[in-house]
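Trainee: Coordinates in my_file.txt, compact mmCIF, C-alpha atoms, are listed below.
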```txt
# COMPACT_ATOMS: atom_id res chain seq x y z
CA MET Q 150 15.33 -4.22 11.66
CA LYS Q 151 17.64 -1.38 12.74
CA ASN Q 152 19.01 -1.09 9.20
CA LEU Q 153 15.50 -1.06 7.76
CA ILE Q 154 14.50 1.80 10.06
CA LYS Q 155 17.64 3.70 9.04
CA THR Q 156 16.67 3.23 5.38
CA MET Q 157 13.17 4.54 6.12
CA GLU Q 158 14.56 7.53 8.04
CA ALA Q 159 16.87 8.41 5.14
CA LEU Q 160 13.97 8.23 2.69
CA ILE Q 161 11.88 10.50 4.96
CA ASP Q 162 14.71 13.03 5.36
CA ASN Q 163 15.31 13.16 1.61
CA ALA Q 164 11.66 13.58 0.64
CA ASN Q 165 10.72 17.11 -0.30
CA VAL Q 166 7.05 16.66 0.53
CA SER Q 167 4.98 14.84 3.14
CA ILE Q 168 1.77 13.23 1.94
CA ILE Q 169 -0.81 13.61 4.71
CA SER Q 170 -4.17 11.84 4.79
CA SER Q 171 -7.19 12.29 7.01
CA VAL Q 172 -10.72 10.85 6.94
CA ASP Q 173 -13.53 13.33 6.23
CA GLU Q 174 -16.96 13.45 7.90
CA ALA Q 175 -18.44 11.23 5.16
CA GLY Q 176 -15.73 8.60 5.70
CA PHE Q 177 -13.65 9.34 2.59
CA PRO Q 178 -9.86 9.52 2.80
CA ASN Q 179 -8.52 13.03 1.99
CA THR Q 180 -4.92 13.45 0.86
CA LYS Q 181 -2.69 16.49 0.57
CA ALA Q 182 0.99 17.24 -0.04
CA MET Q 183 2.51 19.28 2.76
CA LEU Q 184 5.96 20.57 3.64
CA PRO Q 185 8.46 18.10 5.18
CA PRO Q 186 8.15 17.63 8.94
CA ARG Q 187 9.91 20.29 11.01
CA LYS Q 188 11.00 17.75 13.58
CA ARG Q 189 10.78 14.01 14.09
CA ASP Q 190 11.68 11.53 16.82
CA GLY Q 191 12.72 8.38 14.99
CA ILE Q 192 9.78 7.22 12.91
CA LYS Q 193 7.36 7.48 15.82
CA GLN Q 194 6.61 11.20 16.17
CA PHE Q 195 6.47 13.96 13.59
CA TYR Q 196 5.70 17.67 13.85
CA PHE Q 197 4.32 19.77 10.99
CA THR Q 198 3.31 23.41 10.68
CA THR Q 199 -0.21 24.07 9.42
CA ASN Q 200 -2.92 26.69 9.06
CA THR Q 201 -5.41 26.57 11.93
CA SER Q 202 -8.15 27.48 9.43
CA SER Q 203 -7.35 24.58 7.08
CA MET Q 204 -9.73 21.77 6.21
CA ARG Q 205 -7.11 19.30 7.46
CA VAL Q 206 -7.18 20.81 10.97
CA SER Q 207 -10.96 20.58 11.19
CA GLN Q 208 -10.88 16.98 9.96
CA PHE Q 209 -8.17 15.91 12.43
CA THR Q 210 -10.02 17.67 15.26
CA ALA Q 211 -13.11 15.57 14.47
CA ASN Q 212 -11.20 12.35 13.71
CA SER Q 213 -7.52 11.98 14.61
CA LYS Q 214 -6.93 8.86 12.48
CA ALA Q 215 -4.14 9.75 10.07
CA CYS Q 216 -1.61 8.47 7.59
CA ILE Q 217 1.68 10.09 6.67
CA TYR Q 218 3.50 8.86 3.60
CA PHE Q 219 6.89 9.55 2.03
CA TYR Q 220 8.19 8.10 -1.21
CA ASP Q 221 11.17 8.06 -3.50
CA GLY Q 222 9.84 7.98 -7.05
CA ARG Q 223 13.25 7.16 -8.51
CA LEU Q 224 13.92 4.13 -6.28
CA PHE Q 225 10.22 3.21 -6.18
CA GLN Q 226 10.28 2.98 -2.40
CA GLY Q 227 7.71 4.27 0.10
CA VAL Q 228 7.20 4.61 3.84
CA MET Q 229 3.62 4.54 5.16
CA LEU Q 230 2.89 5.34 8.78
CA THR Q 231 -0.60 5.21 10.25
CA GLY Q 232 -1.49 6.65 13.63
CA THR Q 233 -3.04 9.70 15.22
CA MET Q 234 -2.69 13.39 14.42
CA ASP Q 235 -3.15 15.89 17.24
CA VAL Q 236 -3.69 19.58 16.59
CA GLN Q 237 -1.55 21.56 19.05
CA LYS Q 238 -2.16 25.24 19.65
CA ASP Q 239 -0.07 25.78 22.80
CA SER Q 240 2.81 28.24 22.60
CA LYS Q 241 5.45 25.70 23.66
CA SER Q 242 4.70 23.44 20.67
CA LYS Q 243 4.43 26.42 18.34
CA GLU Q 244 7.77 27.89 19.45
CA MET Q 245 9.50 24.50 19.24
CA ILE Q 246 9.18 24.24 15.45
CA TRP Q 247 8.95 27.92 14.43
CA ARG Q 248 11.61 29.05 11.94
CA THR Q 249 12.73 32.45 10.75
CA GLY Q 250 10.86 33.12 7.52
CA ASP Q 251 7.61 31.53 8.69
CA GLU Q 252 6.22 35.09 8.82
CA MET Q 253 5.70 34.62 5.09
CA TYR Q 254 2.91 32.15 5.92
CA TYR Q 255 1.90 33.50 9.36
CA PRO Q 256 2.28 37.29 9.25
CA ALA Q 257 1.58 37.78 12.97
CA GLY Q 258 4.53 35.53 13.89
CA VAL Q 259 4.65 32.60 16.29
CA THR Q 260 1.50 33.79 18.09
CA ASP Q 261 -0.47 34.07 14.83
CA PRO Q 262 -3.85 32.42 15.57
CA ASP Q 263 -3.77 30.85 12.10
CA TYR Q 264 -0.55 28.98 12.99
CA SER Q 265 -0.92 25.51 14.53
CA VAL Q 266 1.21 22.44 14.98
CA LEU Q 267 0.23 18.96 13.82
CA LYS Q 268 1.78 16.23 15.95
CA PHE Q 269 1.66 12.76 14.45
CA THR Q 270 2.21 9.61 16.53
CA ALA Q 271 2.72 6.41 14.56
CA GLY Q 272 0.99 3.17 15.49
CA ASN Q 273 1.95 1.12 12.44
CA ALA Q 274 4.70 1.32 9.84
CA ARG Q 275 4.96 -0.24 6.40
CA PHE Q 276 7.87 -0.12 3.99
CA TYR Q 277 7.43 -0.59 0.26
CA SER Q 278 10.41 -1.54 -1.86
CA ASN Q 279 11.18 -3.77 -4.80
CA PHE Q 280 7.45 -4.30 -5.57
CA LYS Q 281 6.79 -5.72 -2.09
CA SER Q 282 5.46 -4.27 1.17
CA GLU Q 283 6.36 -5.34 4.67
CA ASN Q 284 5.18 -4.30 8.12
CA VAL Q 285 7.88 -2.82 10.33
CA GLU Q 286 7.86 -3.05 14.10
CA LEU Q 287 7.92 0.36 15.78
CA MET O 282 -14.60 26.47 -14.70
CA LYS O 283 -13.67 24.85 -18.06
CA ASN O 284 -10.18 26.38 -17.86
CA LEU O 285 -9.76 25.18 -14.28
CA ILE O 286 -10.61 21.62 -15.30
CA LYS O 287 -8.14 21.86 -18.20
CA THR O 288 -5.45 22.98 -15.71
CA MET O 289 -6.27 20.03 -13.44
CA GLU O 290 -6.18 17.60 -16.39
CA ALA O 291 -2.76 18.90 -17.46
CA LEU O 292 -1.43 18.48 -13.92
CA ILE O 293 -2.79 14.90 -13.81
CA ASP O 294 -1.29 14.01 -17.21
CA ASN O 295 2.11 15.41 -16.23
CA ALA O 296 2.28 13.65 -12.84
CA ASN O 297 4.53 10.60 -12.83
CA VAL O 298 2.78 8.99 -9.86
CA SER O 299 -0.79 8.68 -8.58
CA ILE O 300 -1.27 8.89 -4.83
CA ILE O 301 -4.05 6.47 -3.89
CA SER O 302 -5.73 6.33 -0.49
CA SER O 303 -8.10 3.83 1.04
CA VAL O 304 -9.55 3.37 4.53
CA ASP O 305 -8.43 0.25 6.41
CA GLU O 306 -10.57 -2.01 8.62
CA ALA O 307 -9.64 0.02 11.72
CA GLY O 308 -10.70 3.29 10.06
CA PHE O 309 -7.21 4.65 9.31
CA PRO O 310 -6.42 6.21 5.93
CA ASN O 311 -3.79 4.23 3.99
CA THR O 312 -1.80 5.93 1.24
CA LYS O 313 0.39 4.58 -1.54
CA ALA O 314 2.10 5.87 -4.66
CA MET O 315 1.02 3.99 -7.76
CA LEU O 316 1.69 4.27 -11.48
CA PRO O 317 -0.19 6.96 -13.43
CA PRO O 318 -3.71 5.98 -14.57
CA ARG O 319 -3.80 3.94 -17.76
CA LYS O 320 -6.95 5.73 -18.93
CA ARG O 321 -9.17 8.54 -17.73
CA ASP O 322 -12.44 10.11 -18.82
CA GLY O 323 -12.12 13.79 -17.94
CA ILE O 324 -11.58 14.03 -14.20
CA LYS O 325 -14.49 11.71 -13.42
CA GLN O 326 -13.22 8.21 -14.15
CA PHE O 327 -9.76 6.71 -13.87
CA TYR O 328 -8.43 3.22 -14.50
CA PHE O 329 -5.34 1.76 -12.84
CA THR O 330 -3.59 -1.60 -13.02
CA THR O 331 -3.02 -3.39 -9.71
CA ASN O 332 -2.12 -6.71 -8.11
CA THR O 333 -5.20 -8.70 -7.12
CA SER O 334 -3.28 -9.92 -4.05
CA SER O 335 -2.45 -6.39 -2.83
CA MET O 336 -3.57 -4.90 0.47
CA ARG O 337 -5.19 -2.06 -1.48
CA VAL O 338 -7.50 -4.47 -3.34
CA SER O 339 -8.67 -6.13 -0.14
CA GLN O 340 -9.30 -2.72 1.46
CA PHE O 341 -11.28 -1.37 -1.52
CA THR O 342 -13.28 -4.61 -1.66
CA ALA O 343 -14.31 -4.08 1.97
CA ASN O 344 -14.73 -0.27 1.70
CA SER O 345 -14.81 1.44 -1.69
CA LYS O 346 -14.32 4.98 -0.33
CA ALA O 347 -11.21 6.35 -2.00
CA CYS O 348 -9.09 9.39 -2.73
CA ILE O 349 -6.80 9.89 -5.69
CA TYR O 350 -4.34 12.76 -5.58
CA PHE O 351 -1.90 14.28 -8.05
CA TYR O 352 0.50 17.11 -7.36
CA ASP O 353 3.11 19.31 -8.94
CA GLY O 354 5.80 19.91 -6.32
CA ARG O 355 7.44 22.64 -8.38
CA LEU O 356 4.28 24.73 -8.86
CA PHE O 357 2.90 23.69 -5.46
CA GLN O 358 -0.41 22.70 -6.99
CA GLY O 359 -2.52 19.63 -6.25
CA VAL O 360 -5.68 17.90 -7.44
CA MET O 361 -7.65 15.86 -4.91
CA LEU O 362 -10.54 13.68 -6.03
CA THR O 363 -12.66 11.68 -3.62
CA GLY O 364 -15.07 8.97 -4.71
CA THR O 365 -15.36 5.23 -5.03
CA MET O 366 -12.87 2.61 -6.20
CA ASP O 367 -14.21 -0.57 -7.78
CA VAL O 368 -12.07 -3.64 -8.23
CA GLN O 369 -12.74 -5.07 -11.69
CA LYS O 370 -11.67 -8.58 -12.61
CA ASP O 371 -13.61 -9.05 -15.87
CA SER O 372 -11.62 -9.67 -19.04
CA LYS O 373 -13.10 -6.68 -20.91
CA SER O 374 -11.76 -4.21 -18.30
CA LYS O 375 -8.46 -6.05 -18.09
CA GLU O 376 -7.94 -6.05 -21.86
CA MET O 377 -8.95 -2.37 -22.15
CA ILE O 378 -5.90 -1.10 -20.24
CA TRP O 379 -3.38 -3.89 -20.81
CA ARG O 380 -0.13 -2.77 -22.43
CA THR O 381 2.78 -4.65 -24.00
CA GLY O 382 5.40 -5.03 -21.30
CA ASP O 383 2.89 -5.63 -18.49
CA GLU O 384 4.11 -9.25 -18.54
CA MET O 385 6.96 -7.92 -16.41
CA TYR O 386 4.44 -7.45 -13.55
CA TYR O 387 1.91 -10.13 -14.53
CA PRO O 388 3.86 -13.05 -16.04
CA ALA O 389 0.76 -14.97 -17.14
CA GLY O 390 -0.39 -12.05 -19.30
CA VAL O 391 -3.79 -10.35 -19.44
CA THR O 392 -5.50 -13.39 -17.89
CA ASP O 393 -3.03 -13.51 -14.95
CA PRO O 394 -5.22 -13.96 -11.84
CA ASP O 395 -2.99 -11.50 -9.98
CA TYR O 396 -3.85 -8.75 -12.49
CA SER O 397 -6.88 -6.57 -11.67
CA VAL O 398 -8.21 -3.17 -12.68
CA LEU O 399 -9.07 -0.41 -10.23
CA LYS O 400 -11.81 1.88 -11.55
CA PHE O 401 -12.18 5.16 -9.70
CA THR O 402 -15.29 7.32 -10.01
CA ALA O 403 -15.01 10.84 -8.60
CA GLY O 404 -17.72 12.41 -6.45
CA ASN O 405 -15.85 15.53 -5.37
CA ALA O 406 -12.92 17.49 -6.71
CA ARG O 407 -10.64 20.00 -5.01
CA PHE O 408 -7.86 22.06 -6.55
CA TYR O 409 -5.01 23.46 -4.48
CA SER O 410 -2.96 26.32 -5.86
CA ASN O 411 -1.32 29.45 -4.58
CA PHE O 412 -1.78 28.40 -0.90
CA LYS O 413 -5.55 28.13 -1.31
CA SER O 414 -7.96 25.25 -1.99
CA GLU O 415 -11.24 25.42 -3.85
CA ASN O 416 -13.95 22.90 -4.59
CA VAL O 417 -14.52 22.22 -8.28
CA GLU O 418 -17.85 21.16 -9.74
CA LEU O 419 -17.66 17.85 -11.58
```
Could you take the file, read its structure, and then write that structure out as structure tokens?

Mentor:
Amino acid sequence: MKNLIKTMEALIDNANVSIISSVDEAGFPNTKAMLPPRKRDGIKQFYFTTNTSSMRVSQFTANSKACIYFYDGRLFQGVMLTGTMDVQKDSKSKEMIWRTGDEMYYPAGVTDPDYSVLKFTAGNARFYSNFKSENVEL
Amino acid sequence: MKNLIKTMEALIDNANVSIISSVDEAGFPNTKAMLPPRKRDGIKQFYFTTNTSSMRVSQFTANSKACIYFYDGRLFQGVMLTGTMDVQKDSKSKEMIWRTGDEMYYPAGVTDPDYSVLKFTAGNARFYSNFKSENVEL
């Protein structure tokens, strides 16, 4: 199991996008490619930057059920994590993952009201490889 | 609007994976990379091959609300379509999108009971480009 989690972590760290899904007010899944996570703790917690004004933020505020997904198209492998996404607007969270250059997206800097943090906490993990999926204990 | 739809169609035809999302029995979005659609009619209907025994098929049978998503990581553009996914097991649908070589996945051929067709019908479309999203009339 340890080796499998290491494989999943390597796939996540090599992916150049994160695929984030929410559920909209009518109950439809909504999917979007986002930047890689800024920080992760194992495969249990992930932190992403986002625009406070985005549709994703309003959807996660109304319904925190989320999926984050990473895949390697060449190896045909994928990691799916389902869990909850919390929108964090406190300065501690915002400073934790801020990087030089983020002013390009948030001109007012780390206190820009349009800058928020998405914190994902996994409840379930699934690994897809070799045309088969398996659940992975977290 | 016509040009925008042409741009979205080109992005879809150039994508080498389809990102498919369902909603599971606990209300969480579930996302998976699948092969490109075998056939599409504009951006309204899409047909995919799938394994009858897959988790995705059981989820869409219980709840047909779906999202299909295509993106271009280089141009940072994405097409999100939400709508319904119908699992089709009739021979006409199965023959329509069957291709030589599919025996690799479905050894018994076009009548393999583990071969099914997913038919997606879009209700809403959204195009992401240049750090902004816009709804697109279907």

Trainee: Mind running chain Q against chain O at 8 Å and telling me each contacting residue's nearest atom pair with the distance in Å (one decimal), counting all atoms listed in the file, chain and number ascending, as JSON lines?

Mentor:
```
{"residue": "Q:Val166", "atom": "CA", "partner": "O:Gly354", "partner_atom": "CA", "distance": 7.7}
{"residue": "Q:Ser170", "atom": "CA", "partner": "O:Pro310", "partner_atom": "CA", "distance": 6.2}
{"residue": "Q:Ser171", "atom": "CA", "partner": "O:Pro310", "partner_atom": "CA", "distance": 6.2}
{"residue": "Q:Val172", "atom": "CA", "partner": "O:Pro310", "partner_atom": "CA", "distance": 6.4}
{"residue": "Q:Gly176", "atom": "CA", "partner": "O:Lys346", "partner_atom": "CA", "distance": 7.2}
{"residue": "Q:Phe177", "atom": "CA", "partner": "O:Lys346", "partner_atom": "CA", "distance": 5.3}
{"residue": "Q:Pro178", "atom": "CA", "partner": "O:Cys348", "partner_atom": "CA", "distance": 5.6}
{"residue": "Q:Asn179", "atom": "CA", "partner": "O:Cys348", "partner_atom": "CA", "distance": 6.0}
{"residue": "Q:Thr180", "atom": "CA", "partner": "O:Tyr350", "partner_atom": "CA", "distance": 6.5}
{"residue": "Q:Lys181", "atom": "CA", "partner": "O:Tyr350", "partner_atom": "CA", "distance": 7.4}
{"residue": "Q:Ala182", "atom": "CA", "partner": "O:Tyr352", "partner_atom": "CA", "distance": 7.3}
{"residue": "Q:Lys214", "atom": "CA", "partner": "O:Phe309", "partner_atom": "CA", "distance": 5.3}
{"residue": "Q:Ala215", "atom": "CA", "partner": "O:Pro310", "partner_atom": "CA", "distance": 5.9}
{"residue": "Q:Cys216", "atom": "CA", "partner": "O:Pro310", "partner_atom": "CA", "distance": 5.6}
{"residue": "Q:Ile217", "atom": "CA", "partner": "O:Thr312", "partner_atom": "CA", "distance": 7.7}
{"residue": "Q:Tyr218", "atom": "CA", "partner": "O:Thr312", "partner_atom": "CA", "distance": 6.5}
{"residue": "Q:Tyr220", "atom": "CA", "partner": "O:Ala314", "partner_atom": "CA", "distance": 7.3}
{"residue": "Q:Gly222", "atom": "CA", "partner": "O:Val298", "partner_atom": "CA", "distance": 7.7}
{"residue": "Q:Gly227", "atom": "CA", "partner": "O:Lys313", "partner_atom": "CA", "distance": 7.5}
{"residue": "Q:Met229", "atom": "CA", "partner": "O:Thr312", "partner_atom": "CA", "distance": 6.8}
{"residue": "Q:Thr231", "atom": "CA", "partner": "O:Phe309", "partner_atom": "CA", "distance": 6.7}
{"residue": "Q:Gly232", "atom": "CA", "partner": "O:Phe309", "partner_atom": "CA", "distance": 7.4}
```

Trainee: Write out, as an mmCIF file, in the frame of the given file, the residues just selected, with C-alpha atoms.

Mentor:
```cif
data_model
loop_
_atom_site.group_PDB
_atom_site.id
_atom_site.type_symbol
_atom_site.label_atom_id
_atom_site.label_comp_id
_atom_site.auth_asym_id
_atom_site.auth_seq_id
_atom_site.Cartn_x
_atom_site.Cartn_y
_atom_site.Cartn_z
ATOM 1 C CA VAL Q 166 7.050 16.660 0.530
ATOM 2 C CA SER Q 170 -4.170 11.840 4.790
ATOM 3 C CA SER Q 171 -7.190 12.290 7.010
ATOM 4 C CA VAL Q 172 -10.720 10.850 6.940
ATOM 5 C CA GLY Q 176 -15.730 8.600 5.700
ATOM 6 C CA PHE Q 177 -13.650 9.340 2.590
ATOM 7 C CA PRO Q 178 -9.860 9.520 2.800
ATOM 8 C CA ASN Q 179 -8.520 13.030 1.990
ATOM 9 C CA THR Q 180 -4.920 13.450 0.860
ATOM 10 C CA LYS Q 181 -2.690 16.490 0.570
ATOM 11 C CA ALA Q 182 0.990 17.240 -0.040
ATOM 12 C CA LYS Q 214 -6.930 8.860 12.480
ATOM 13 C CA ALA Q 215 -4.140 9.750 10.070
ATOM 14 C CA CYS Q 216 -1.610 8.470 7.590
ATOM 15 C CA ILE Q 217 1.680 10.090 6.670
ATOM 16 C CA TYR Q 218 3.500 8.860 3.600
ATOM 17 C CA TYR Q 220 8.190 8.100 -1.210
ATOM 18 C CA GLY Q 222 9.840 7.980 -7.050
ATOM 19 C CA GLY Q 227 7.710 4.270 0.100
ATOM 20 C CA MET Q 229 3.620 4.540 5.160
ATOM 21 C CA THR Q 231 -0.600 5.210 10.250
ATOM 22 C CA GLY Q 232 -1.490 6.650 13.630
#
```

Trainee: Here's a test: counting only C-alpha atoms, identify every protein, DNA and RNA residue with an atom at most 9 Å from (14.0, 11.2, 12.6) in the file's coordinate frame, and state them as a PyMOL selection string.

Mentor: chain Q and resi 158-159+161-162+188-195

Trainee: What does the file look like for those residues with C-alpha atoms, as a PDB file, in the frame of the given file?

Mentor:
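File produced: selection_12.pdb:
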```pdb
ATOM      1  CA  GLU Q 158      14.560   7.530   8.040  1.00  0.00           C
ATOM      2  CA  ALA Q 159      16.870   8.410   5.140  1.00  0.00           C
ATOM      3  CA  ILE Q 161      11.880  10.500   4.960  1.00  0.00           C
ATOM      4  CA  ASP Q 162      14.710  13.030   5.360  1.00  0.00           C
ATOM      5  CA  LYS Q 188      11.000  17.750  13.580  1.00  0.00           C
ATOM      6  CA  ARG Q 189      10.780  14.010  14.090  1.00  0.00           C
ATOM      7  CA  ASP Q 190      11.680  11.530  16.820  1.00  0.00           C
ATOM      8  CA  GLY Q 191      12.720   8.380  14.990  1.00  0.00           C
ATOM      9  CA  ILE Q 192       9.780   7.220  12.910  1.00  0.00           C
ATOM     10  CA  LYS Q 193       7.360   7.480  15.820  1.00  0.00           C
ATOM     11  CA  GLN Q 194       6.610  11.200  16.170  1.00  0.00           C
ATOM     12  CA  PHE Q 195       6.470  13.960  13.590  1.00  0.00           C
TER      13      PHE Q 195
END
```

Trainee: From the set O:Asn284, O:Asn332, O:Arg407, O:Ser339, which residue has the shortest atom-to-atom contact distance to Pro388 of chain O, counting all atoms listed in the file?

Mentor: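 Closest to Pro388 of chain O, using all atoms listed in the file: O:Asn332.
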
Trainee: Enter the distance from atom CA of Ala403 of chain O to atom CA of Lys370 of chain O, in Å, rounded to one decimal.

Mentor: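 It comes out at 20.1 Å.
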
Trainee: What gap, in Å, lies between atom CA of Phe341 of chain O and atom CA of Val398 of chain O?

Mentor: 11.7 Å

Trainee: For atom CA of Val417 of chain O and atom CA of Ser265 of chain Q, determine how far apart the two atoms are, in Å to one decimal place.

Mentor: 26.8 Å

Trainee: Give as a PDB file with C-alpha atoms, keeping the file's coordinate frame the set of residues within 7 Å of the point (-11.3, 2.3, -7.9), where distances use the file's coordinates and all atoms listed in the file.

Mentor:
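Full text of selection-v6.pdb as output:
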```pdb
ATOM      1  CA  THR O 365     -15.360   5.230  -5.030  1.00  0.00           C
ATOM      2  CA  MET O 366     -12.870   2.610  -6.200  1.00  0.00           C
ATOM      3  CA  ASP O 367     -14.210  -0.570  -7.780  1.00  0.00           C
ATOM      4  CA  VAL O 368     -12.070  -3.640  -8.230  1.00  0.00           C
ATOM      5  CA  LEU O 399      -9.070  -0.410 -10.230  1.00  0.00           C
ATOM      6  CA  LYS O 400     -11.810   1.880 -11.550  1.00  0.00           C
ATOM      7  CA  PHE O 401     -12.180   5.160  -9.700  1.00  0.00           C
ATOM      8  CA  THR O 402     -15.290   7.320 -10.010  1.00  0.00           C
TER       9      THR O 402
END
```
